[in-house]
Amino acid sequence: MSDIHRRLMHQSLGRPLTPEERALAEALEAVFSAGALDFEEVARALERRGVKRPSGTSGPWTAAALEQELATINASLDAAYAQNGIGA
């Protein structure tokens with residue numbers, strides 16, 4: 001990946017992703033690249049891969065847990081964007 005692509009990849013973030021959020025993002029990219037089509041399938045793949053929830057909540061990945069994790073991350077990123085603008 002070129003330097004410009006590395007910088008543009010984060011241009012709209014109001015804060016950097018946490019290591020746990022980054023791990024989830026990378027796992028999601030791999031799972032979707034492997035052909036997963038819905039949240040149930042994605043949740044099963046995350047569970048098989050042993051991906052930890054960014055919130056620190058324990059328990060198995062389910063479609064509902066995935067939806068909640070993504071909503072929580074999105075709300076946090078939206079708040080950071082509102083406070084800090086872009087380019088974290």
# chains A, B, ... in the order shown; residues from 1 in each chain; ligands from 1
>>> residues_around(residues="Ser33 of chain A", least_positions_apart="5", cutoff="12 Å", atoms="only C-alpha atoms", output="PDB file with N, CA and C atoms, in the first residue's frame")
ATOM      1  N   GLU A  26     -10.182  -5.836  10.467  1.00  0.00           N
ATOM      2  CA  GLU A  26      -9.381  -6.745   9.631  1.00  0.00           C
ATOM      3  C   GLU A  26     -10.060  -8.108   9.496  1.00  0.00           C
ATOM      4  N   ALA A  27     -10.636  -8.597  10.599  1.00  0.00           N
ATOM      5  CA  ALA A  27     -11.340  -9.876  10.542  1.00  0.00           C
ATOM      6  C   ALA A  27     -12.576  -9.763   9.654  1.00  0.00           C
ATOM      7  N   LEU A  28     -13.309  -8.667   9.759  1.00  0.00           N
ATOM      8  CA  LEU A  28     -14.490  -8.484   8.911  1.00  0.00           C
ATOM      9  C   LEU A  28     -14.108  -8.448   7.433  1.00  0.00           C
ATOM     10  N   VAL A  42     -21.293 -14.107   9.348  1.00  0.00           N
ATOM     11  CA  VAL A  42     -20.142 -13.328   9.806  1.00  0.00           C
ATOM     12  C   VAL A  42     -19.872 -13.615  11.280  1.00  0.00           C
ATOM     13  N   ALA A  45     -18.172 -16.868  11.752  1.00  0.00           N
ATOM     14  CA  ALA A  45     -16.764 -16.791  11.336  1.00  0.00           C
ATOM     15  C   ALA A  45     -15.922 -16.070  12.381  1.00  0.00           C
TER      16      ALA A  45
END
>>> residues_around(residues="Thr18 of chain A", least_positions_apart="3", cutoff="12 Å", atoms="only C-alpha atoms", output="ChimeraX atom specification")
/A:13,15,21-25,53-56,73,76-77
>>> write_last_selection(atoms="C-alpha atoms", output="PDB file, in the first residue's frame")
ATOM      1  CA  LEU A  13     -11.903   9.204  11.282  1.00  0.00           C
ATOM      2  CA  ARG A  15     -10.006   9.326  16.263  1.00  0.00           C
ATOM      3  CA  GLU A  21     -11.525  -2.202  16.635  1.00  0.00           C
ATOM      4  CA  ARG A  22      -8.703  -2.617  14.117  1.00  0.00           C
ATOM      5  CA  ALA A  23      -8.627  -6.387  14.754  1.00  0.00           C
ATOM      6  CA  LEU A  24     -12.385  -6.583  14.189  1.00  0.00           C
ATOM      7  CA  ALA A  25     -12.131  -4.495  11.008  1.00  0.00           C
ATOM      8  CA  ARG A  53     -15.343  -7.942  20.993  1.00  0.00           C
ATOM      9  CA  PRO A  54     -13.996  -4.372  21.040  1.00  0.00           C
ATOM     10  CA  SER A  55     -16.380  -3.516  23.889  1.00  0.00           C
ATOM     11  CA  GLY A  56     -14.772  -6.156  26.102  1.00  0.00           C
ATOM     12  CA  ILE A  73     -18.124   1.710  17.405  1.00  0.00           C
ATOM     13  CA  SER A  76     -18.047   6.512  19.200  1.00  0.00           C
ATOM     14  CA  LEU A  77     -16.513   7.415  15.851  1.00  0.00           C
TER      15      LEU A  77
END
